[in-house]
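Enquirer: Quick one: the structure is below, and I'll ask about it shortly.
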Amino acid sequence: MEKPQGLIISGDSAYFPESLAQLKVQIITVDPTKEQPQFIPVDKFPQIIKYVLPSLSEEIRRRGVLDSTKVKIWIDKEGNPQLAIIVESSNKILNEPSLVEAMNCRFTPAIMDKAPAPVWITIPFRFSK
């Protein structure tokens with residue numbers, strides 16, 4: 001799968017520049033003096049409607065890498081990934097393919113109070129030959 005147009009990969013994160021302004025506004029509205037919950041309750045969690053298996057380079061396949069990553073993804077009200085962060089990785093060589101494919105996934109929106117809501121989710125990517 002190809003890297004989506006406009007996607008920026010920086011270290012262990014991937015994002016669309018235009019989504020950062022929206023994300024900053026949402027973060028600023030949270031009281032920074034209080035500890036924030038890792039879990040935000042919603043009535044219905046997002047469901048994956050398009051899951052893309054990470055494509056591996058020939059070099060990675062030759063090396064026989066059989067590992068996994070976990071990616072935390074900020075999903076907007078439409079079910080589109082806007083930010084992805086590697087939260088766990090058994091091999092750094094798999095981070096970029098995981099970020100690209102996480103940003104290529106599509107979801108149903110989370111539902112809170114009968115309306116679509118943005119939310120964080122974490123999904124695993126498992127790699128094999």
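Ordering of the structure tokens sets the chain letters (A, B, ...), residue numbers begin anew at 1 in every chain, and ligands are numbered from 1 in the order given.
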Give me, as a short mmCIF file (atom, residue, chain, number, x, y, z; two decimals) with N, CA and C atoms, in the first residue's frame, all polymer residues having an atom no more than 8 Å from Ala14 in chain A, counting only C-alpha atoms and skipping those fewer than 6 positions away in the same chain.

Expert:
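Produced file out.cif, reproduced below:
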data_model
loop_
_atom_site.label_atom_id
_atom_site.label_comp_id
_atom_site.auth_asym_id
_atom_site.auth_seq_id
_atom_site.Cartn_x
_atom_site.Cartn_y
_atom_site.Cartn_z
N LEU A 7 0.93 12.74 3.86
CA LEU A 7 1.25 12.14 5.16
C LEU A 7 2.70 12.45 5.54
N ILE A 8 2.88 12.92 6.75
CA ILE A 8 4.21 13.21 7.29
C ILE A 8 4.56 12.11 8.29
N LEU A 83 -3.84 10.93 13.13
CA LEU A 83 -2.54 10.89 13.80
C LEU A 83 -2.30 9.45 14.23
N ALA A 84 -1.08 8.96 14.04
CA ALA A 84 -0.73 7.60 14.46
C ALA A 84 0.60 7.65 15.19
N ILE A 85 0.69 6.92 16.29
CA ILE A 85 1.90 6.90 17.12
C ILE A 85 2.22 5.45 17.47
N LEU A 99 2.97 2.61 10.53
CA LEU A 99 2.37 3.95 10.53
C LEU A 99 1.63 4.24 9.22
N VAL A 100 2.26 3.89 8.10
CA VAL A 100 1.64 4.13 6.79
C VAL A 100 0.32 3.35 6.69
N MET A 103 -2.53 4.71 8.85
CA MET A 103 -3.15 5.90 8.27
C MET A 103 -3.98 5.56 7.03
#

Enquirer: Find the distance between CA of Ile75 in chain A and CA of Ser89 in chain A and write it in Å to one decimal.

Expert: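 Interatomic distance here is 20.8 Å.
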
Enquirer: Find the residues near range 104-113 of chain A: any atom within 9 Å, counting only C-alpha atoms, skip ones fewer than 6 places away on the same chain, and give them as a VMD selection string.

Expert: chain A and resid 1 to 4 41 to 52 75 to 81 119

Enquirer: Pick out the residues sitting within 6 Å of Lys70 in chain A, and hand them over as a count of residues only; count only C-alpha atoms, and ignore anything fewer than 4 positions along from it in its own chain.

Expert: 4

Enquirer: When distances are computed from only C-alpha atoms, which of A:Gln82, A:Gln5, A:Asn91, A:Ser13 shows the smallest separation from Phe127 in chain A?

Expert: A:Asn91

Enquirer: Going by DSSP on the backbone, which bits of range 89-120 of chain A are strand (DSSP E or B)? Write them as a list in words, please.

Expert: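 Listing strand (DSSP E or B) positions across range 89-120 of chain A yields Ser89, Arg106, Phe107, Ala110, Ile111, Met112, Ala115, Pro116, Ala117, Val119 and Trp120 of chain A.
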
Enquirer: Could you jot down the CA of Ile121 in chain A to CA of Ile86 in chain A separation for me, Å, one decimal place?

Expert: 11.9 Å

Enquirer: CA of Val71 in chain A to CA of Lys114 in chain A: how many Å, to one decimal?

Expert: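 Answer for the CA of Val71 in chain A to CA of Lys114 in chain A separation: 27.0 Å.
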
Enquirer: Measuring between only C-alpha atoms, which one of A:Ala115, A:Thr69, A:Glu101, A:Arg62 shows the shortest distance to Ile9 in chain A?

Expert: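 Checking each of A:Ala115, A:Thr69, A:Glu101, A:Arg62 against Ile9 in chain A, counting only C-alpha atoms, the winner is A:Glu101.
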
Enquirer: Taking only C-alpha atoms into account, which of A:Gly6, A:Phe16, A:Ile73, A:Arg126 comes nearest Ala102 in chain A?

Expert: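 Looking at the shortest contact to Ala102 in chain A, the residue is A:Ile73.
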